[in-house]
Amino acid sequence: MNADTAIQLRLLDLQAADTALAQLAHRRRTLPELAAIADADRNAEAIHNEVVEAQTAVADIELEQRRLENDVDTVRTRASRDQARLEAGGLPSRELEGLQHEIVSLARRQATLEDELLDVMERAEDAESTLSDATKRHEAVVAERSDLEARRDAAFAEIDAAAGQRSPERDGIAADMPADLLSLYEKARAHGGTGAAMVRQRRCEGCHMELSGSELSAARSADPDVVVRCDNCRAILVRTAESGL
Ligand SMILES: [Zn+2]
């Protein structure tokens with residue numbers, strides 16, 4: 001394939017634009033904020049589960065507390081009714097004995113229930129503090145995530161603006177290239193990552209291998225219009241005064 005030396009030189013501008021665009025795309029894909037956001041998501045999910053668990057525990061304990069409070073009320077009501085009957089007097093001695101016995105056992109039952117109630121109230125306090133701790137940690141990780149998102153979006157905007165400047169430049173150079181040369185360039189780029197490379201001091205700047213033997217003599221003897229390629233990386237070799245040939 002033949003191409004004007006000026007066109008061959010333009011291949012280096014095309015490669016520079018493509019390299020810059022590839023670097024921008026790589027930076028966009030590998031922004032540290034992306035990994036940090038994924039971490040924050042995992043954290044938020046785990047802490048959210050803790051919050052739900054703590055909410056369930058608090059609700060369960062509240063239910064238990066209400067049940068005990070109802071039981072205490074029932075026992076108290078019954079004891080005061082018994083007490084009133086006792087104070088009204090005039091009961092047959094057997095009934096009186098039964099009533100006194102019941103008052104004693106109700107008092108014992110009430111004491112047991114009140115102990116249980118105290119225990120439940122203590123557990124409620126613990127569960128609420130666990131819930132408040134998990135809720136605070138969840139809020140913190142959500143805030144951290146939104147901070148990371150803002151930083152990611154700022155970086156995206158910066159990268160996209162740079163790419164938005166480079167892309168038309170790249171397209172403009174490509175539009176001026178002969179179709180067969182452009183397609184050879186694209187093929188080389190797909191193969192080894194470099195479409196066109198300058199030869200500097202006999203070295204391919206694409207793969208940094210030194211030209212030697214038949215490759216060197218071919219590059220030396222080829223007419224300047226002939227398109228030469230690197231045996232190693234397949235890049236189109238652009239020869240200049242700095243090529244050392
Ligand atoms: Zn090479």
# chains A, B, ... in the order shown; residues from 1 in each chain; ligands from 1
>>> closest_atom_pairs(of="region 89-194 of chain A", to="region 14-32 of chain A", cutoff="10 Å", atoms="only C-alpha atoms", output="CSV")
residue,atom,partner,partner_atom,distance
A:Leu148,CA,A:Pro32,CA,9.5
A:Arg151,CA,A:Leu31,CA,9.9
A:Arg152,CA,A:Leu31,CA,7.4
A:Ala155,CA,A:Arg28,CA,7.9
A:Phe156,CA,A:Arg28,CA,6.5
A:Ala157,CA,A:Arg28,CA,9.9
A:Glu158,CA,A:Leu24,CA,9.7
A:Ile159,CA,A:Leu24,CA,6.1
A:Asp160,CA,A:Leu24,CA,8.1
A:Ala162,CA,A:Leu24,CA,7.8
A:Ala163,CA,A:Leu21,CA,6.1
A:Gly164,CA,A:Leu21,CA,9.4
A:Gln165,CA,A:Leu21,CA,9.8
A:Arg166,CA,A:Ala17,CA,6.3
A:Ser167,CA,A:Leu21,CA,7.4
A:Pro168,CA,A:Ala17,CA,9.7
A:Glu169,CA,A:Ala17,CA,7.3
A:Arg170,CA,A:Ala17,CA,5.6
A:Asp171,CA,A:Leu14,CA,8.6
A:Gly172,CA,A:Leu14,CA,9.2
A:Ile173,CA,A:Leu14,CA,6.2
A:Ala174,CA,A:Leu14,CA,7.0
A:Met177,CA,A:Leu14,CA,9.7
A:Leu182,CA,A:Leu14,CA,9.8
A:Tyr185,CA,A:Gln15,CA,9.0
A:Arg189,CA,A:Gln15,CA,9.0
A:Gly193,CA,A:Thr19,CA,9.1
A:Thr194,CA,A:Gln15,CA,7.4
>>> residues_near_ligand(ligand="ligand 1", cutoff="9 Å", atoms="only C-alpha atoms and all ligand atoms", output="JSON list (two decimals) with all heavy atoms, in the first residue's frame")
[["chain", "number", "residue", "atom", "x", "y", "z"],
["A", 192, "GLY", "N", -2.72, -4.85, 18.07],
["A", 192, "GLY", "CA", -1.74, -4.67, 19.15],
["A", 192, "GLY", "C", -1.93, -3.42, 19.98],
["A", 192, "GLY", "O", -1.11, -3.12, 20.83],
["A", 194, "THR", "N", -1.72, -0.36, 18.93],
["A", 194, "THR", "CA", -1.15, 0.82, 18.25],
["A", 194, "THR", "C", -1.43, 0.71, 16.76],
["A", 194, "THR", "O", -1.10, -0.30, 16.14],
["A", 194, "THR", "CB", 0.38, 0.89, 18.48],
["A", 194, "THR", "OG1", 0.62, 0.80, 19.89],
["A", 194, "THR", "CG2", 0.96, 2.18, 17.95],
["A", 196, "ALA", "N", -0.50, 3.33, 14.48],
["A", 196, "ALA", "CA", 0.64, 3.91, 13.77],
["A", 196, "ALA", "C", 1.68, 4.36, 14.79],
["A", 196, "ALA", "O", 1.32, 4.87, 15.84],
["A", 196, "ALA", "CB", 0.20, 5.10, 12.92],
["A", 197, "ALA", "N", 2.94, 4.11, 14.49],
["A", 197, "ALA", "CA", 4.00, 4.48, 15.42],
["A", 197, "ALA", "C", 5.17, 5.06, 14.64],
["A", 197, "ALA", "O", 5.49, 4.63, 13.53],
["A", 197, "ALA", "CB", 4.46, 3.27, 16.21],
["A", 199, "VAL", "N", 9.07, 5.66, 13.87],
["A", 199, "VAL", "CA", 10.34, 4.96, 14.10],
["A", 199, "VAL", "C", 11.31, 6.01, 14.62],
["A", 199, "VAL", "O", 11.53, 7.03, 13.97],
["A", 199, "VAL", "CB", 10.90, 4.33, 12.80],
["A", 199, "VAL", "CG1", 12.19, 3.59, 13.08],
["A", 199, "VAL", "CG2", 9.88, 3.41, 12.16],
["A", 203, "ARG", "N", 13.79, 2.34, 16.36],
["A", 203, "ARG", "CA", 12.93, 1.63, 17.30],
["A", 203, "ARG", "C", 11.47, 1.96, 16.98],
["A", 203, "ARG", "O", 11.14, 3.12, 16.76],
["A", 203, "ARG", "CB", 13.27, 2.09, 18.72],
["A", 203, "ARG", "CG", 13.06, 1.05, 19.80],
["A", 203, "ARG", "CD", 13.59, 1.57, 21.12],
["A", 203, "ARG", "NE", 15.02, 1.34, 21.29],
["A", 203, "ARG", "CZ", 15.55, 0.18, 21.69],
["A", 203, "ARG", "NH1", 14.76, -0.85, 21.98],
["A", 203, "ARG", "NH2", 16.85, 0.04, 21.81],
["A", 204, "CYS", "N", 10.63, 0.94, 16.97],
["A", 204, "CYS", "CA", 9.19, 1.18, 16.79],
["A", 204, "CYS", "C", 8.67, 1.77, 18.10],
["A", 204, "CYS", "O", 8.84, 1.17, 19.16],
["A", 204, "CYS", "CB", 8.47, -0.14, 16.48],
["A", 204, "CYS", "SG", 6.68, -0.06, 16.72],
["A", 205, "GLU", "N", 8.03, 2.94, 18.02],
["A", 205, "GLU", "CA", 7.54, 3.58, 19.25],
["A", 205, "GLU", "C", 6.25, 2.93, 19.75],
["A", 205, "GLU", "O", 5.79, 3.26, 20.84],
["A", 205, "GLU", "CB", 7.35, 5.08, 19.04],
["A", 205, "GLU", "CG", 8.68, 5.78, 18.89],
["A", 205, "GLU", "CD", 8.69, 7.17, 19.52],
["A", 205, "GLU", "OE1", 7.85, 7.99, 19.11],
["A", 205, "GLU", "OE2", 9.53, 7.41, 20.41],
["A", 206, "GLY", "N", 5.71, 2.00, 18.95],
["A", 206, "GLY", "CA", 4.51, 1.28, 19.40],
["A", 206, "GLY", "C", 4.88, 0.21, 20.40],
["A", 206, "GLY", "O", 4.36, 0.16, 21.51],
["A", 207, "CYS", "N", 5.83, -0.66, 20.01],
["A", 207, "CYS", "CA", 6.19, -1.79, 20.87],
["A", 207, "CYS", "C", 7.60, -1.67, 21.44],
["A", 207, "CYS", "O", 8.03, -2.52, 22.21],
["A", 207, "CYS", "CB", 6.05, -3.11, 20.10],
["A", 207, "CYS", "SG", 7.12, -3.20, 18.66],
["A", 208, "HIS", "N", 8.32, -0.60, 21.03],
["A", 208, "HIS", "CA", 9.68, -0.32, 21.52],
["A", 208, "HIS", "C", 10.70, -1.39, 21.11],
["A", 208, "HIS", "O", 11.77, -1.49, 21.71],
["A", 208, "HIS", "CB", 9.68, -0.10, 23.04],
["A", 208, "HIS", "CG", 8.70, 0.96, 23.45],
["A", 208, "HIS", "ND1", 8.91, 2.30, 23.21],
["A", 208, "HIS", "CD2", 7.47, 0.87, 24.02],
["A", 208, "HIS", "CE1", 7.85, 2.99, 23.62],
["A", 208, "HIS", "NE2", 6.97, 2.14, 24.13],
["A", 209, "MET", "N", 10.37, -2.17, 20.09],
["A", 209, "MET", "CA", 11.34, -3.15, 19.59],
["A", 209, "MET", "C", 12.22, -2.46, 18.54],
["A", 209, "MET", "O", 11.74, -1.64, 17.76],
["A", 209, "MET", "CB", 10.61, -4.34, 18.93],
["A", 209, "MET", "CG", 9.86, -5.23, 19.91],
["A", 209, "MET", "SD", 10.97, -6.28, 20.89],
["A", 209, "MET", "CE", 11.35, -7.55, 19.69],
["A", 210, "GLU", "N", 13.48, -2.82, 18.55],
["A", 210, "GLU", "CA", 14.40, -2.23, 17.58],
["A", 210, "GLU", "C", 14.29, -2.99, 16.26],
["A", 210, "GLU", "O", 14.20, -4.22, 16.26],
["A", 210, "GLU", "CB", 15.83, -2.28, 18.12],
["A", 210, "GLU", "CG", 16.74, -1.38, 17.29],
["A", 210, "GLU", "CD", 18.13, -1.20, 17.92],
["A", 210, "GLU", "OE1", 18.27, -1.54, 19.12],
["A", 210, "GLU", "OE2", 19.03, -0.75, 17.21],
["A", 211, "LEU", "N", 14.26, -2.23, 15.20],
["A", 211, "LEU", "CA", 14.21, -2.86, 13.87],
["A", 211, "LEU", "C", 15.59, -3.42, 13.56],
["A", 211, "LEU", "O", 16.61, -2.78, 13.80],
["A", 211, "LEU", "CB", 13.86, -1.81, 12.81],
["A", 211, "LEU", "CG", 12.38, -1.50, 12.56],
["A", 211, "LEU", "CD1", 11.72, -0.97, 13.81],
["A", 211, "LEU", "CD2", 12.24, -0.49, 11.41],
["A", 229, "ARG", "N", 5.13, -1.70, 7.82],
["A", 229, "ARG", "CA", 4.55, -2.07, 9.13],
["A", 229, "ARG", "C", 5.56, -2.77, 10.02],
["A", 229, "ARG", "O", 6.52, -3.38, 9.56],
["A", 229, "ARG", "CB", 3.33, -2.97, 8.91],
["A", 229, "ARG", "CG", 2.22, -2.25, 8.16],
["A", 229, "ARG", "CD", 1.07, -3.15, 7.88],
["A", 229, "ARG", "NE", 0.34, -3.50, 9.10],
["A", 229, "ARG", "CZ", -0.60, -4.43, 9.12],
["A", 229, "ARG", "NH1", -0.89, -5.12, 8.03],
["A", 229, "ARG", "NH2", -1.24, -4.68, 10.25],
["A", 230, "CYS", "N", 5.34, -2.66, 11.32],
["A", 230, "CYS", "CA", 6.21, -3.29, 12.30],
["A", 230, "CYS", "C", 5.94, -4.78, 12.31],
["A", 230, "CYS", "O", 4.79, -5.21, 12.41],
["A", 230, "CYS", "CB", 5.95, -2.69, 13.69],
["A", 230, "CYS", "SG", 6.82, -3.53, 15.03],
["A", 231, "ASP", "N", 7.00, -5.57, 12.18],
["A", 231, "ASP", "CA", 6.85, -7.03, 12.17],
["A", 231, "ASP", "C", 6.32, -7.52, 13.51],
["A", 231, "ASP", "O", 5.65, -8.53, 13.59],
["A", 231, "ASP", "CB", 8.21, -7.70, 11.92],
["A", 231, "ASP", "CG", 8.52, -7.79, 10.42],
["A", 231, "ASP", "OD1", 7.62, -7.40, 9.63],
["A", 231, "ASP", "OD2", 9.65, -8.23, 10.07],
["A", 232, "ASN", "N", 6.68, -6.79, 14.55],
["A", 232, "ASN", "CA", 6.32, -7.23, 15.90],
["A", 232, "ASN", "C", 4.90, -6.88, 16.30],
["A", 232, "ASN", "O", 4.12, -7.75, 16.65],
["A", 232, "ASN", "CB", 7.33, -6.65, 16.90],
["A", 232, "ASN", "CG", 7.07, -7.13, 18.31],
["A", 232, "ASN", "OD1", 6.99, -8.33, 18.55],
["A", 232, "ASN", "ND2", 6.90, -6.20, 19.22],
["A", 233, "CYS", "N", 4.54, -5.57, 16.23],
["A", 233, "CYS", "CA", 3.21, -5.16, 16.73],
["A", 233, "CYS", "C", 2.23, -4.84, 15.62],
["A", 233, "CYS", "O", 1.08, -4.54, 15.90],
["A", 233, "CYS", "CB", 3.34, -4.00, 17.72],
["A", 233, "CYS", "SG", 3.76, -2.42, 16.95],
["A", 234, "ARG", "N", 2.65, -4.90, 14.36],
["A", 234, "ARG", "CA", 1.82, -4.66, 13.18],
["A", 234, "ARG", "C", 1.43, -3.21, 12.98],
["A", 234, "ARG", "O", 0.61, -2.90, 12.10],
["A", 234, "ARG", "CB", 0.56, -5.56, 13.16],
["A", 234, "ARG", "CG", 0.81, -7.05, 13.34],
["A", 234, "ARG", "CD", 1.84, -7.64, 12.36],
["A", 234, "ARG", "NE", 1.41, -7.64, 10.98],
["A", 234, "ARG", "CZ", 2.22, -7.46, 9.94],
["A", 234, "ARG", "NH1", 3.52, -7.27, 10.15],
["A", 234, "ARG", "NH2", 1.77, -7.47, 8.71],
["A", 235, "ALA", "N", 1.98, -2.30, 13.81],
["A", 235, "ALA", "CA", 1.66, -0.88, 13.63],
["A", 235, "ALA", "C", 2.24, -0.38, 12.31],
["A", 235, "ALA", "O", 3.25, -0.90, 11.83],
["A", 235, "ALA", "CB", 2.24, -0.06, 14.79],
["A", 236, "ILE", "N", 1.57, 0.62, 11.74],
["A", 236, "ILE", "CA", 2.12, 1.28, 10.55],
["A", 236, "ILE", "C", 3.32, 2.11, 11.03],
["A", 236, "ILE", "O", 3.19, 2.90, 11.97],
["A", 236, "ILE", "CB", 1.07, 2.20, 9.90],
["A", 236, "ILE", "CG1", -0.12, 1.37, 9.38],
["A", 236, "ILE", "CG2", 1.71, 3.03, 8.77],
["A", 236, "ILE", "CD1", -1.32, 2.20, 8.97],
["A", 237, "LEU", "N", 4.49, 1.87, 10.43],
["A", 237, "LEU", "CA", 5.70, 2.58, 10.87],
["A", 237, "LEU", "C", 5.83, 3.88, 10.10],
["A", 237, "LEU", "O", 5.90, 3.87, 8.86],
["A", 237, "LEU", "CB", 6.94, 1.69, 10.65],
["A", 237, "LEU", "CG", 7.04, 0.47, 11.55],
["A", 237, "LEU", "CD1", 8.25, -0.38, 11.15],
["A", 237, "LEU", "CD2", 7.14, 0.88, 13.03]]
>>> atom_distance(atom1="CA of Pro178 (chain A)", atom2="CA of Asp13 (chain A)")
14.9 Å
>>> atom_distance(atom1="CA of Thr5 (chain A)", atom2="CA of Met198 (chain A)")
12.3 Å
>>> closest_residue(among="A:Leu181, A:Ser212, A:Glu242, A:Lys187", to="Arg10 (chain A)", atoms="only C-alpha atoms")
A:Leu181
>>> closest_residue(among="A:Met1, A:Val51, A:Val227, A:Leu68", to="His138 (chain A)", atoms="only C-alpha atoms")
A:Val51
>>> closest_residue(among="A:Asp223, A:Asp176, A:Glu139, A:Asp133", to="Asn43 (chain A)", atoms="only C-alpha atoms")
A:Glu139
>>> atom_distance(atom1="CA of Gln100 (chain A)", atom2="CA of Asp71 (chain A)")
20.4 Å
>>> residues_around(residues="Asp119 (chain A)", least_positions_apart="4", cutoff="12 Å", atoms="only C-alpha atoms", output="list in words")
Ile61, Glu64, Gln65, Leu68, Thr112, Leu113, Glu114, Asp115, Arg123, Ala124, Glu125 and Asp126 of chain A
>>> select_by_dssp(residues="region 18-224 of chain A", states="strand (DSSP E)", output="list of chain:residue names")
A:Ala196, A:Ala197, A:Met198, A:Val199, A:Arg200, A:Arg203, A:Cys204
>>> write_last_selection(atoms="C-alpha atoms", output="PDB file, in the first residue's frame")
ATOM      1  CA  ALA A 196       0.644   3.907  13.774  1.00  0.00           C
ATOM      2  CA  ALA A 197       4.002   4.485  15.418  1.00  0.00           C
ATOM      3  CA  MET A 198       6.983   6.614  14.602  1.00  0.00           C
ATOM      4  CA  VAL A 199      10.338   4.961  14.102  1.00  0.00           C
ATOM      5  CA  ARG A 200      12.778   6.732  16.386  1.00  0.00           C
ATOM      6  CA  ARG A 203      12.933   1.633  17.301  1.00  0.00           C
ATOM      7  CA  CYS A 204       9.195   1.178  16.792  1.00  0.00           C
TER       8      CYS A 204
END
>>> select_by_dssp(residues="region 41-228 of chain A", states="helix (DSSP H, G or I)", output="ChimeraX atom specification")
/A:41-88,93-175,179-192,213-221
>>> closest_residue(among="A:Arg145, A:Arg220, A:Arg66, A:Arg76", to="Ala107 (chain A)", atoms="only C-alpha atoms")
A:Arg76
>>> closest_residue(among="A:Ile103, A:Ala134, A:Ala88, A:Ala127", to="Glu50 (chain A)", atoms="only C-alpha atoms")
A:Ala134
>>> closest_residue(among="A:Leu117, A:Leu86, A:Val52, A:Ala46", to="Asn70 (chain A)", atoms="only C-alpha atoms")
A:Leu117
>>> decode(residues="region 121-132 of chain A", atoms="N, CA, C and O atoms", output="PDB file, in the first residue's frame")
ATOM      1  N   MET A 121     -38.047  -3.655  80.147  1.00  0.00           N
ATOM      2  CA  MET A 121     -37.767  -2.235  79.910  1.00  0.00           C
ATOM      3  C   MET A 121     -36.267  -1.997  79.712  1.00  0.00           C
ATOM      4  O   MET A 121     -35.863  -1.155  78.897  1.00  0.00           O
ATOM      5  N   GLU A 122     -35.481  -2.752  80.438  1.00  0.00           N
ATOM      6  CA  GLU A 122     -34.031  -2.657  80.266  1.00  0.00           C
ATOM      7  C   GLU A 122     -33.633  -3.125  78.863  1.00  0.00           C
ATOM      8  O   GLU A 122     -32.827  -2.489  78.180  1.00  0.00           O
ATOM      9  N   ARG A 123     -34.220  -4.256  78.458  1.00  0.00           N
ATOM     10  CA  ARG A 123     -33.930  -4.780  77.114  1.00  0.00           C
ATOM     11  C   ARG A 123     -34.414  -3.816  76.035  1.00  0.00           C
ATOM     12  O   ARG A 123     -33.791  -3.683  74.984  1.00  0.00           O
ATOM     13  N   ALA A 124     -35.537  -3.143  76.295  1.00  0.00           N
ATOM     14  CA  ALA A 124     -36.058  -2.165  75.323  1.00  0.00           C
ATOM     15  C   ALA A 124     -35.049  -1.024  75.142  1.00  0.00           C
ATOM     16  O   ALA A 124     -34.798  -0.577  74.022  1.00  0.00           O
ATOM     17  N   GLU A 125     -34.468  -0.594  76.252  1.00  0.00           N
ATOM     18  CA  GLU A 125     -33.483   0.480  76.183  1.00  0.00           C
ATOM     19  C   GLU A 125     -32.272   0.056  75.343  1.00  0.00           C
ATOM     20  O   GLU A 125     -31.800   0.807  74.483  1.00  0.00           O
ATOM     21  N   ASP A 126     -31.787  -1.163  75.597  1.00  0.00           N
ATOM     22  CA  ASP A 126     -30.651  -1.692  74.826  1.00  0.00           C
ATOM     23  C   ASP A 126     -30.993  -1.777  73.340  1.00  0.00           C
ATOM     24  O   ASP A 126     -30.194  -1.384  72.484  1.00  0.00           O
ATOM     25  N   ALA A 127     -32.183  -2.319  73.054  1.00  0.00           N
ATOM     26  CA  ALA A 127     -32.585  -2.510  71.648  1.00  0.00           C
ATOM     27  C   ALA A 127     -32.712  -1.160  70.953  1.00  0.00           C
ATOM     28  O   ALA A 127     -32.325  -1.007  69.788  1.00  0.00           O
ATOM     29  N   GLU A 128     -33.245  -0.155  71.668  1.00  0.00           N
ATOM     30  CA  GLU A 128     -33.384   1.167  71.061  1.00  0.00           C
ATOM     31  C   GLU A 128     -32.018   1.802  70.806  1.00  0.00           C
ATOM     32  O   GLU A 128     -31.829   2.481  69.795  1.00  0.00           O
ATOM     33  N   SER A 129     -31.078   1.554  71.698  1.00  0.00           N
ATOM     34  CA  SER A 129     -29.752   2.146  71.467  1.00  0.00           C
ATOM     35  C   SER A 129     -29.047   1.437  70.307  1.00  0.00           C
ATOM     36  O   SER A 129     -28.350   2.072  69.516  1.00  0.00           O
ATOM     37  N   THR A 130     -29.257   0.113  70.175  1.00  0.00           N
ATOM     38  CA  THR A 130     -28.729  -0.617  69.013  1.00  0.00           C
ATOM     39  C   THR A 130     -29.332  -0.057  67.719  1.00  0.00           C
ATOM     40  O   THR A 130     -28.629   0.183  66.732  1.00  0.00           O
ATOM     41  N   LEU A 131     -30.641   0.188  67.758  1.00  0.00           N
ATOM     42  CA  LEU A 131     -31.335   0.715  66.576  1.00  0.00           C
ATOM     43  C   LEU A 131     -30.822   2.115  66.227  1.00  0.00           C
ATOM     44  O   LEU A 131     -30.542   2.399  65.055  1.00  0.00           O
ATOM     45  N   SER A 132     -30.637   2.940  67.240  1.00  0.00           N
ATOM     46  CA  SER A 132     -30.208   4.306  66.954  1.00  0.00           C
ATOM     47  C   SER A 132     -28.773   4.319  66.418  1.00  0.00           C
ATOM     48  O   SER A 132     -28.443   5.086  65.505  1.00  0.00           O
TER      49      SER A 132
END
